[in-house]
file start_3.cif (mmCIF, C-alpha atoms, pLDDT in the B column; chains and numbers go by the auth columns)
data_protein
loop_
_atom_site.group_PDB
_atom_site.id
_atom_site.type_symbol
_atom_site.label_atom_id
_atom_site.label_comp_id
_atom_site.label_asym_id
_atom_site.label_seq_id
_atom_site.Cartn_x
_atom_site.Cartn_y
_atom_site.Cartn_z
_atom_site.B_iso_or_equiv
_atom_site.auth_seq_id
_atom_site.auth_asym_id
ATOM 1 C CA MET A 1 31.929 100.143 105.263 43.00 1 A
ATOM 2 C CA LEU A 2 29.888 98.860 108.217 45.00 2 A
ATOM 3 C CA ILE A 3 26.656 99.870 106.487 46.00 3 A
ATOM 4 C CA ALA A 4 27.752 98.153 103.231 45.00 4 A
ATOM 5 C CA ALA A 5 28.730 94.952 105.044 44.00 5 A
ATOM 6 C CA THR A 6 25.413 94.949 106.922 47.00 6 A
ATOM 7 C CA LEU A 7 23.415 95.424 103.700 46.00 7 A
ATOM 8 C CA ALA A 8 25.411 92.670 101.922 47.00 8 A
ATOM 9 C CA GLY A 9 24.851 90.248 104.806 51.00 9 A
ATOM 10 C CA ALA A 10 21.156 91.031 104.868 50.00 10 A
ATOM 11 C CA GLN A 11 20.905 90.487 101.093 50.00 11 A
ATOM 12 C CA THR A 12 22.704 87.121 101.344 47.00 12 A
ATOM 13 C CA GLN A 13 20.420 86.041 104.206 51.00 13 A
ATOM 14 C CA ALA A 14 17.375 87.119 102.218 46.00 14 A
ATOM 15 C CA GLN A 15 18.529 85.064 99.211 47.00 15 A
ATOM 16 C CA THR A 16 19.101 82.055 101.460 45.00 16 A
ATOM 17 C CA ASP A 17 15.678 82.461 103.052 51.00 17 A
ATOM 18 C CA THR A 18 13.969 82.648 99.642 56.00 18 A
ATOM 19 C CA GLN A 19 15.678 79.543 98.265 60.00 19 A
ATOM 20 C CA PRO A 20 13.157 76.705 97.913 67.00 20 A
ATOM 21 C CA PRO A 21 13.624 73.714 100.226 70.00 21 A
ATOM 22 C CA PRO A 22 14.948 70.491 98.701 70.00 22 A
ATOM 23 C CA PRO A 23 12.212 68.321 97.163 81.00 23 A
ATOM 24 C CA ALA A 24 10.646 65.747 99.463 84.00 24 A
ATOM 25 C CA TRP A 25 10.560 63.132 96.691 92.00 25 A
ATOM 26 C CA THR A 26 13.711 62.227 94.745 94.00 26 A
ATOM 27 C CA GLY A 27 14.751 59.216 92.727 94.00 27 A
ATOM 28 C CA SER A 28 15.975 57.835 89.444 95.00 28 A
ATOM 29 C CA PHE A 29 15.023 55.503 86.619 96.00 29 A
ATOM 30 C CA GLY A 30 17.629 53.553 84.648 96.00 30 A
ATOM 31 C CA ALA A 31 17.531 51.258 81.626 96.00 31 A
ATOM 32 C CA GLY A 32 20.096 49.459 79.492 94.00 32 A
ATOM 33 C CA LEU A 33 19.899 47.316 76.358 89.00 33 A
ATOM 34 C CA SER A 34 22.474 45.355 74.354 84.00 34 A
ATOM 35 C CA LEU A 35 21.811 43.424 71.140 83.00 35 A
ATOM 36 C CA THR A 36 23.938 41.273 68.827 83.00 36 A
ATOM 37 C CA ARG A 37 22.873 39.770 65.518 79.00 37 A
ATOM 38 C CA GLY A 38 24.785 37.455 63.167 77.00 38 A
ATOM 39 C CA ASN A 39 26.447 34.196 64.140 72.00 39 A
ATOM 40 C CA SER A 40 24.539 34.445 67.425 73.00 40 A
ATOM 41 C CA ASP A 41 21.512 36.477 68.438 82.00 41 A
ATOM 42 C CA THR A 42 21.697 37.853 71.969 87.00 42 A
ATOM 43 C CA SER A 43 19.788 40.466 73.912 89.00 43 A
ATOM 44 C CA ASN A 44 20.216 41.765 77.448 92.00 44 A
ATOM 45 C CA VAL A 45 17.896 44.193 79.197 94.00 45 A
ATOM 46 C CA ASN A 46 18.189 45.815 82.630 95.00 46 A
ATOM 47 C CA VAL A 47 15.716 48.194 84.259 96.00 47 A
ATOM 48 C CA SER A 48 16.202 49.823 87.671 96.00 48 A
ATOM 49 C CA TYR A 49 14.680 52.492 89.876 96.00 49 A
ATOM 50 C CA THR A 50 15.306 54.303 93.169 96.00 50 A
ATOM 51 C CA VAL A 51 12.810 56.385 95.139 96.00 51 A
ATOM 52 C CA LYS A 52 13.334 58.370 98.343 94.00 52 A
ATOM 53 C CA HIS A 53 10.875 60.416 100.392 94.00 53 A
ATOM 54 C CA ASP A 54 12.511 62.700 102.971 90.00 54 A
ATOM 55 C CA PRO A 55 10.036 65.344 104.180 87.00 55 A
ATOM 56 C CA ALA A 56 12.605 66.896 106.576 80.00 56 A
ATOM 57 C CA ASP A 57 11.183 65.182 109.646 82.00 57 A
ATOM 58 C CA HIS A 58 12.097 62.031 111.558 87.00 58 A
ATOM 59 C CA PHE A 59 10.888 59.525 108.941 93.00 59 A
ATOM 60 C CA VAL A 60 12.542 58.628 105.615 94.00 60 A
ATOM 61 C CA PHE A 61 11.146 56.147 103.080 96.00 61 A
ATOM 62 C CA ALA A 62 13.330 54.580 100.360 96.00 62 A
ATOM 63 C CA SER A 63 12.773 51.907 97.737 97.00 63 A
ATOM 64 C CA LYS A 64 14.841 50.395 94.928 96.00 64 A
ATOM 65 C CA GLY A 65 14.509 47.650 92.352 96.00 65 A
ATOM 66 C CA LEU A 66 16.367 45.886 89.557 96.00 66 A
ATOM 67 C CA TRP A 67 15.107 43.629 86.752 96.00 67 A
ATOM 68 C CA LEU A 68 17.463 41.659 84.500 94.00 68 A
ATOM 69 C CA ARG A 69 16.601 39.559 81.474 93.00 69 A
ATOM 70 C CA GLY A 70 18.885 38.012 78.850 91.00 70 A
ATOM 71 C CA SER A 71 18.496 35.602 75.944 90.00 71 A
ATOM 72 C CA ARG A 72 20.748 33.890 73.418 88.00 72 A
ATOM 73 C CA ASP A 73 19.475 32.430 70.138 85.00 73 A
ATOM 74 C CA GLY A 74 15.928 32.536 71.462 82.00 74 A
ATOM 75 C CA GLU A 75 16.707 30.797 74.764 87.00 75 A
ATOM 76 C CA LEU A 76 16.488 32.587 78.100 86.00 76 A
ATOM 77 C CA THR A 77 19.880 33.005 79.801 84.00 77 A
ATOM 78 C CA ALA A 78 19.030 35.367 82.679 86.00 78 A
ATOM 79 C CA SER A 79 15.845 36.273 84.546 92.00 79 A
ATOM 80 C CA ARG A 80 16.154 38.033 87.886 94.00 80 A
ATOM 81 C CA LEU A 81 14.146 40.535 89.919 96.00 81 A
ATOM 82 C CA SER A 82 15.058 42.189 93.227 96.00 82 A
ATOM 83 C CA LEU A 83 13.038 44.760 95.187 97.00 83 A
ATOM 84 C CA GLU A 84 13.597 46.461 98.522 96.00 84 A
ATOM 85 C CA SER A 85 11.568 48.990 100.507 97.00 85 A
ATOM 86 C CA ARG A 86 12.761 50.615 103.718 95.00 86 A
ATOM 87 C CA LEU A 87 11.415 52.999 106.370 96.00 87 A
ATOM 88 C CA ASP A 88 13.837 54.774 108.706 95.00 88 A
ATOM 89 C CA ARG A 89 13.026 56.614 111.910 95.00 89 A
ATOM 90 C CA LYS A 90 15.874 59.031 112.644 93.00 90 A
ATOM 91 C CA LEU A 91 17.175 59.080 116.201 94.00 91 A
ATOM 92 C CA ASP A 92 19.835 61.665 115.354 92.00 92 A
ATOM 93 C CA ASP A 93 21.856 62.766 112.322 89.00 93 A
ATOM 94 C CA ARG A 94 23.674 59.417 112.104 93.00 94 A
ATOM 95 C CA THR A 95 21.533 56.694 113.709 96.00 95 A
ATOM 96 C CA SER A 96 18.126 55.379 112.671 96.00 96 A
ATOM 97 C CA LEU A 97 15.725 52.615 113.559 97.00 97 A
ATOM 98 C CA SER A 98 14.647 50.859 110.391 95.00 98 A
ATOM 99 C CA ALA A 99 12.141 48.375 109.015 96.00 99 A
ATOM 100 C CA GLN A 100 12.555 46.879 105.555 96.00 100 A
ATOM 101 C CA VAL A 101 11.178 44.234 103.211 97.00 101 A
ATOM 102 C CA GLN A 102 13.302 42.438 100.601 96.00 102 A
ATOM 103 C CA TYR A 103 11.921 40.468 97.670 97.00 103 A
ATOM 104 C CA GLY A 104 13.904 38.393 95.209 95.00 104 A
ATOM 105 C CA ARG A 105 13.266 36.038 92.312 95.00 105 A
ATOM 106 C CA ASP A 106 15.851 34.232 90.194 93.00 106 A
ATOM 107 C CA ARG A 107 14.790 31.660 87.612 90.00 107 A
ATOM 108 C CA PHE A 108 18.266 30.213 87.055 87.00 108 A
ATOM 109 C CA LYS A 109 18.891 29.807 90.772 90.00 109 A
ATOM 110 C CA GLN A 110 15.454 28.113 90.863 92.00 110 A
ATOM 111 C CA VAL A 111 14.196 30.625 93.417 94.00 111 A
ATOM 112 C CA ASP A 112 10.526 31.308 92.667 95.00 112 A
ATOM 113 C CA TYR A 113 10.487 33.962 95.372 96.00 113 A
ATOM 114 C CA LEU A 114 12.263 34.986 98.558 97.00 114 A
ATOM 115 C CA VAL A 115 10.610 37.455 100.939 98.00 115 A
ATOM 116 C CA SER A 116 12.318 38.764 104.073 97.00 116 A
ATOM 117 C CA PRO A 117 10.848 41.457 106.374 98.00 117 A
ATOM 118 C CA THR A 118 13.314 42.618 109.048 98.00 118 A
ATOM 119 C CA ALA A 119 13.736 45.437 111.558 98.00 119 A
ATOM 120 C CA GLY A 120 16.870 46.824 113.182 97.00 120 A
ATOM 121 C CA VAL A 121 19.254 49.765 113.321 97.00 121 A
ATOM 122 C CA SER A 122 21.438 51.631 110.814 96.00 122 A
ATOM 123 C CA HIS A 123 24.327 54.007 111.471 96.00 123 A
ATOM 124 C CA LEU A 124 26.427 56.423 109.423 95.00 124 A
ATOM 125 C CA LEU A 125 30.049 55.754 110.343 96.00 125 A
ATOM 126 C CA VAL A 126 31.328 58.435 107.955 95.00 126 A
ATOM 127 C CA SER A 127 29.336 61.383 106.665 93.00 127 A
ATOM 128 C CA THR A 128 31.110 64.144 104.767 94.00 128 A
ATOM 129 C CA ALA A 129 30.364 66.170 101.664 91.00 129 A
ATOM 130 C CA VAL A 130 32.213 63.656 99.477 95.00 130 A
ATOM 131 C CA THR A 131 32.061 60.334 101.361 96.00 131 A
ATOM 132 C CA GLU A 132 29.416 58.336 103.190 96.00 132 A
ATOM 133 C CA LEU A 133 29.841 54.955 104.889 97.00 133 A
ATOM 134 C CA ALA A 134 26.745 53.343 106.406 96.00 134 A
ATOM 135 C CA VAL A 135 26.182 49.999 108.146 97.00 135 A
ATOM 136 C CA LYS A 136 22.982 48.253 109.201 96.00 136 A
ATOM 137 C CA LEU A 137 21.895 45.192 111.177 97.00 137 A
ATOM 138 C CA SER A 138 18.382 43.758 111.469 97.00 138 A
ATOM 139 C CA VAL A 139 16.468 40.611 112.407 98.00 139 A
ATOM 140 C CA GLY A 140 13.168 39.204 111.199 98.00 140 A
ATOM 141 C CA GLY A 141 11.910 36.349 109.057 97.00 141 A
ATOM 142 C CA VAL A 142 12.384 34.829 105.610 97.00 142 A
ATOM 143 C CA TRP A 143 10.070 32.837 103.342 98.00 143 A
ATOM 144 C CA GLU A 144 11.651 31.069 100.367 97.00 144 A
ATOM 145 C CA LYS A 145 9.898 29.101 97.613 96.00 145 A
ATOM 146 C CA ASN A 146 12.152 27.071 95.321 93.00 146 A
ATOM 147 C CA THR A 147 11.070 25.439 92.073 92.00 147 A
ATOM 148 C CA GLY A 148 9.307 22.145 92.714 90.00 148 A
ATOM 149 C CA LEU A 149 9.572 22.478 96.519 91.00 149 A
ATOM 150 C CA SER A 150 7.299 23.770 99.259 94.00 150 A
ATOM 151 C CA VAL A 151 7.742 27.111 100.999 95.00 151 A
ATOM 152 C CA GLU A 152 10.420 27.225 103.715 94.00 152 A
ATOM 153 C CA ALA A 153 9.992 29.685 106.607 96.00 153 A
ATOM 154 C CA ASP A 154 12.742 30.638 109.063 97.00 154 A
ATOM 155 C CA GLY A 155 14.095 33.451 111.174 97.00 155 A
ATOM 156 C CA ALA A 156 16.497 35.817 109.429 97.00 156 A
ATOM 157 C CA LEU A 157 19.519 37.923 110.292 97.00 157 A
ATOM 158 C CA SER A 158 20.418 40.665 107.837 97.00 158 A
ATOM 159 C CA ALA A 159 23.504 42.890 107.667 97.00 159 A
ATOM 160 C CA GLY A 160 24.676 45.433 105.145 96.00 160 A
ATOM 161 C CA GLN A 161 27.221 48.102 104.326 96.00 161 A
ATOM 162 C CA GLN A 162 27.198 50.923 101.771 96.00 162 A
ATOM 163 C CA VAL A 163 29.791 53.410 100.530 97.00 163 A
ATOM 164 C CA ARG A 164 29.260 56.498 98.395 96.00 164 A
ATOM 165 C CA HIS A 165 32.264 58.555 97.321 97.00 165 A
ATOM 166 C CA GLN A 166 32.179 61.627 95.110 96.00 166 A
ATOM 167 C CA LEU A 167 35.194 61.337 92.804 96.00 167 A
ATOM 168 C CA SER A 168 34.579 64.722 91.169 95.00 168 A
ATOM 169 C CA ASP A 169 31.757 67.125 90.387 93.00 169 A
ATOM 170 C CA THR A 170 30.501 64.709 87.719 94.00 170 A
ATOM 171 C CA ALA A 171 31.646 61.229 88.839 97.00 171 A
ATOM 172 C CA GLU A 172 30.632 59.039 91.776 97.00 172 A
ATOM 173 C CA PHE A 173 31.721 55.612 93.046 98.00 173 A
ATOM 174 C CA THR A 174 29.354 53.353 94.987 97.00 174 A
ATOM 175 C CA GLN A 175 29.840 50.028 96.746 97.00 175 A
ATOM 176 C CA SER A 176 27.364 47.895 98.666 96.00 176 A
ATOM 177 C CA LEU A 177 27.401 44.537 100.430 97.00 177 A
ATOM 178 C CA ALA A 178 24.293 42.805 101.791 96.00 178 A
ATOM 179 C CA ALA A 179 24.036 39.467 103.608 97.00 179 A
ATOM 180 C CA LEU A 180 20.999 37.446 104.633 97.00 180 A
ATOM 181 C CA TRP A 181 21.342 34.386 106.903 97.00 181 A
ATOM 182 C CA LYS A 182 18.652 31.898 107.912 96.00 182 A
ATOM 183 C CA ILE A 183 18.816 31.574 111.688 96.00 183 A
ATOM 184 C CA GLY A 184 17.699 27.928 111.779 93.00 184 A
ATOM 185 C CA GLU A 185 20.008 26.949 108.918 91.00 185 A
ATOM 186 C CA PHE A 186 22.913 29.366 109.103 91.00 186 A
ATOM 187 C CA ASP A 187 24.834 27.801 106.208 91.00 187 A
ATOM 188 C CA ASP A 188 21.959 28.763 103.878 93.00 188 A
ATOM 189 C CA SER A 189 22.814 32.396 103.183 95.00 189 A
ATOM 190 C CA LEU A 190 22.605 34.960 100.405 95.00 190 A
ATOM 191 C CA TYR A 191 25.249 37.599 99.679 96.00 191 A
ATOM 192 C CA THR A 192 25.043 40.463 97.185 96.00 192 A
ATOM 193 C CA LEU A 193 28.017 42.675 96.287 97.00 193 A
ATOM 194 C CA GLY A 194 27.628 45.728 94.088 96.00 194 A
ATOM 195 C CA LEU A 195 30.251 48.058 92.585 97.00 195 A
ATOM 196 C CA GLY A 196 29.196 51.060 90.534 96.00 196 A
ATOM 197 C CA LEU A 197 30.621 54.062 88.717 97.00 197 A
ATOM 198 C CA THR A 198 28.341 56.896 87.635 97.00 198 A
ATOM 199 C CA ALA A 199 29.205 59.805 85.334 97.00 199 A
ATOM 200 C CA SER A 200 26.884 62.775 84.914 96.00 200 A
ATOM 201 C CA ILE A 201 25.921 63.807 81.385 95.00 201 A
ATOM 202 C CA THR A 202 23.592 66.638 82.397 95.00 202 A
ATOM 203 C CA SER A 203 22.131 67.752 85.731 91.00 203 A
ATOM 204 C CA ARG A 204 19.436 65.057 85.400 94.00 204 A
ATOM 205 C CA THR A 205 21.015 62.326 83.285 96.00 205 A
ATOM 206 C CA GLN A 206 23.841 59.889 84.014 96.00 206 A
ATOM 207 C CA LEU A 207 25.708 56.956 82.521 96.00 207 A
ATOM 208 C CA LYS A 208 26.171 54.119 85.007 96.00 208 A
ATOM 209 C CA VAL A 209 28.414 51.058 84.892 96.00 209 A
ATOM 210 C CA GLU A 210 27.777 48.467 87.591 95.00 210 A
ATOM 211 C CA ALA A 211 28.947 44.982 88.556 94.00 211 A
ATOM 212 C CA ILE A 212 26.669 42.826 90.733 94.00 212 A
ATOM 213 C CA ASP A 213 27.827 39.546 92.284 94.00 213 A
ATOM 214 C CA THR A 214 25.105 37.332 93.819 94.00 214 A
ATOM 215 C CA TYR A 215 26.229 34.326 95.868 95.00 215 A
ATOM 216 C CA LYS A 216 23.870 31.743 97.417 94.00 216 A
ATOM 217 C CA SER A 217 25.810 29.411 99.681 93.00 217 A
ATOM 218 C CA LYS A 218 23.334 26.530 99.420 90.00 218 A
ATOM 219 C CA PRO A 219 22.110 25.889 95.851 86.00 219 A
ATOM 220 C CA THR A 220 18.531 24.745 95.496 81.00 220 A
ATOM 221 C CA ALA A 221 19.400 21.753 93.271 81.00 221 A
ATOM 222 C CA ALA A 222 22.328 19.846 91.764 80.00 222 A
ATOM 223 C CA GLY A 223 23.857 21.680 88.818 82.00 223 A
ATOM 224 C CA VAL A 224 22.822 25.129 90.067 87.00 224 A
ATOM 225 C CA ARG A 225 25.861 27.344 90.520 89.00 225 A
ATOM 226 C CA LYS A 226 26.317 29.321 93.712 91.00 226 A
ATOM 227 C CA ASN A 227 27.690 32.455 92.059 90.00 227 A
ATOM 228 C CA ASP A 228 26.270 34.804 89.404 90.00 228 A
ATOM 229 C CA VAL A 229 28.022 37.956 88.175 90.00 229 A
ATOM 230 C CA SER A 230 26.271 40.607 86.081 90.00 230 A
ATOM 231 C CA MET A 231 27.845 43.583 84.301 90.00 231 A
ATOM 232 C CA LEU A 232 25.364 46.376 83.619 92.00 232 A
ATOM 233 C CA VAL A 233 25.581 49.559 81.585 93.00 233 A
ATOM 234 C CA SER A 234 22.558 51.824 81.828 95.00 234 A
ATOM 235 C CA PHE A 235 21.319 55.309 81.120 95.00 235 A
ATOM 236 C CA VAL A 236 19.860 56.957 84.223 96.00 236 A
ATOM 237 C CA PHE A 237 17.353 59.785 84.515 96.00 237 A
ATOM 238 C CA LYS A 238 17.082 61.539 87.909 93.00 238 A
ATOM 239 C CA PHE A 239 14.002 63.319 89.203 91.00 239 A
#
call {"tool": "encode", "arguments": {"input": "start_3.cif", "output": "structure tokens"}}
result
Amino acid sequence: MLIAATLAGAQTQAQTDTQPPPPAWTGSFGAGLSLTRGNSDTSNVNVSYTVKHDPADHFVFASKGLWLRGSRDGELTASRLSLESRLDRKLDDRTSLSAQVQYGRDRFKQVDYLVSPTAGVSHLLVSTAVTELAVKLSVGGVWEKNTGLSVEADGALSAGQQVRHQLSDTAEFTQSLAALWKIGEFDDSLYTLGLGLTASITSRTQLKVEAIDTYKSKPTAAGVRKNDVSMLVSFVFKF
């Protein structure tokens, strides 16, 4: 019995040792399209991506982006682009120093572009096999160009929070909240709330439903609404 147990343990260890390490590069690409024809012609397109490079050392790179475009009877009703790239330097399993750059453009908010590089710290408050809760805080600068106006530069304070919860082997819930304040004009801020539900179809494909609420506390012009809500349905391929 001792010999059998020893051989079984050695075989299990050998299988573990021969298992390939997780890939350094992971990510996903998602796209969604809706069309209506008849009394009104509408089309809505969303394209998104995520990329992560984790070579099992102290540094982790991540990037994500989302592009939205909608039209009704030939007239544009939505045009928005958001990009974010981030580099983390792990201090331990839960805490990291981070540097990130955010870019945004929203035609209907009359924001030609908004660029904000910041640096700070992020921390995993909860980290289990099924649930993760992370928070981050950083400071830096922001440059905003609004339609018909000159570029405004200011200091920036950025904060964020993210939740990932595995509902089952095939379903996952995500929630994120990001805030960006201008230090010299604190009432001019940008908030983004995201709620998502993802269901796996195969090991590499998913169906994702997501709600994104973007709120800018100080509109760029009269008649521009502070709040925009988008409902997205997309097909996601993981790699």
call {"tool": "residues_near_point", "arguments": {"input": "start_3.cif", "point": "(14.8, 46.2, 102.3)", "cutoff": "6 Å", "atoms": "all atoms listed in the file", "output": "list of chain:residue names"}}
result
A:Glu84, A:Ser85, A:Arg86, A:Gln100, A:Val101, A:Gln102
call {"tool": "resolve_selection", "arguments": {"input": "start_3.cif", "expression": "the PyMOL selection byres ((chain A and resi 178) around 7)", "output": "MDAnalysis selection string"}}
result
chainID A and resid 159:161 176:177 179:180 191:193
call {"tool": "residues_around", "arguments": {"input": "start_3.cif", "residues": "region 122-136 of chain A", "least_positions_apart": "2", "cutoff": "8 Å", "atoms": "all atoms listed in the file", "output": "ChimeraX atom specification"}}
result
/A:94-98,120,138,159-167
call {"tool": "resolve_selection", "arguments": {"input": "start_3.cif", "expression": "the PyMOL selection byres ((chain A and resi 216-226) around 12)", "output": "PyMOL selection string"}}
result
chain A and resi 106-112+144-150+152+178-182+185-193+213-215+227-229
call {"tool": "axis_aligned_box", "arguments": {"input": "start_3.cif", "around": "region 78-92 of chain A", "padding_each_side": "6 Å", "output": "AutoDock Vina command-line options"}}
result
--center_x 15.6 --center_y 48.5 --center_z 99.4 --size_x 20.4 --size_y 38.3 --size_z 45.5
call {"tool": "residues_near_point", "arguments": {"input": "start_3.cif", "point": "(15.5, 59.3, 108.2)", "cutoff": "12 Å", "atoms": "only C-alpha atoms", "output": "VMD selection string"}}
result
chain A and resid 24 52 to 62 86 to 99 121 to 124
call {"tool": "write_last_selection", "arguments": {"input": "start_3.cif", "atoms": "C-alpha atoms", "output": "short mmCIF file (atom, residue, chain, number, x, y, z; two decimals), in the frame of the given file"}}
result
data_model
loop_
_atom_site.label_atom_id
_atom_site.label_comp_id
_atom_site.auth_asym_id
_atom_site.auth_seq_id
_atom_site.Cartn_x
_atom_site.Cartn_y
_atom_site.Cartn_z
CA ALA A 24 10.65 65.75 99.46
CA LYS A 52 13.33 58.37 98.34
CA HIS A 53 10.88 60.42 100.39
CA ASP A 54 12.51 62.70 102.97
CA PRO A 55 10.04 65.34 104.18
CA ALA A 56 12.60 66.90 106.58
CA ASP A 57 11.18 65.18 109.65
CA HIS A 58 12.10 62.03 111.56
CA PHE A 59 10.89 59.52 108.94
CA VAL A 60 12.54 58.63 105.62
CA PHE A 61 11.15 56.15 103.08
CA ALA A 62 13.33 54.58 100.36
CA ARG A 86 12.76 50.62 103.72
CA LEU A 87 11.42 53.00 106.37
CA ASP A 88 13.84 54.77 108.71
CA ARG A 89 13.03 56.61 111.91
CA LYS A 90 15.87 59.03 112.64
CA LEU A 91 17.18 59.08 116.20
CA ASP A 92 19.84 61.66 115.35
CA ASP A 93 21.86 62.77 112.32
CA ARG A 94 23.67 59.42 112.10
CA THR A 95 21.53 56.69 113.71
CA SER A 96 18.13 55.38 112.67
CA LEU A 97 15.72 52.62 113.56
CA SER A 98 14.65 50.86 110.39
CA ALA A 99 12.14 48.38 109.02
CA VAL A 121 19.25 49.76 113.32
CA SER A 122 21.44 51.63 110.81
CA HIS A 123 24.33 54.01 111.47
CA LEU A 124 26.43 56.42 109.42
#
call {"tool": "atom_distance", "arguments": {"input": "start_3.cif", "atom1": "CA of Thr26 (chain A)", "atom2": "CA of Ser203 (chain A)"}}
result
13.5 Å
call {"tool": "atom_distance", "arguments": {"input": "start_3.cif", "atom1": "CA of Leu81 (chain A)", "atom2": "CA of Arg105 (chain A)"}}
result
5.2 Å
call {"tool": "atom_distance", "arguments": {"input": "start_3.cif", "atom1": "CA of Leu33 (chain A)", "atom2": "CA of Ser234 (chain A)"}}
result
7.6 Å
call {"tool": "closest_residue", "arguments": {"input": "start_3.cif", "among": "A:Leu197, A:Ile212, A:Leu35, A:Ala119", "to": "Arg80 (chain A)", "atoms": "only C-alpha atoms"}}
result
A:Ile212
call {"tool": "closest_residue", "arguments": {"input": "start_3.cif", "among": "A:Gly104, A:Thr198, A:Ala31, A:Asn46", "to": "Ala78 (chain A)", "atoms": "all atoms listed in the file"}}
result
A:Asn46
call {"tool": "closest_residue", "arguments": {"input": "start_3.cif", "among": "A:Trp143, A:Tyr49, A:Asn44, A:Gln206", "to": "Gly70 (chain A)", "atoms": "all atoms listed in the file"}}
result
A:Asn44
call {"tool": "closest_residue", "arguments": {"input": "start_3.cif", "among": "A:Leu114, A:Val151, A:Leu137, A:Leu68", "to": "Val233 (chain A)", "atoms": "all atoms listed in the file"}}
result
A:Leu68
call {"tool": "closest_residue", "arguments": {"input": "start_3.cif", "among": "A:Leu232, A:Thr202, A:Pro23, A:Thr36", "to": "Leu66 (chain A)", "atoms": "all atoms listed in the file"}}
result
A:Leu232
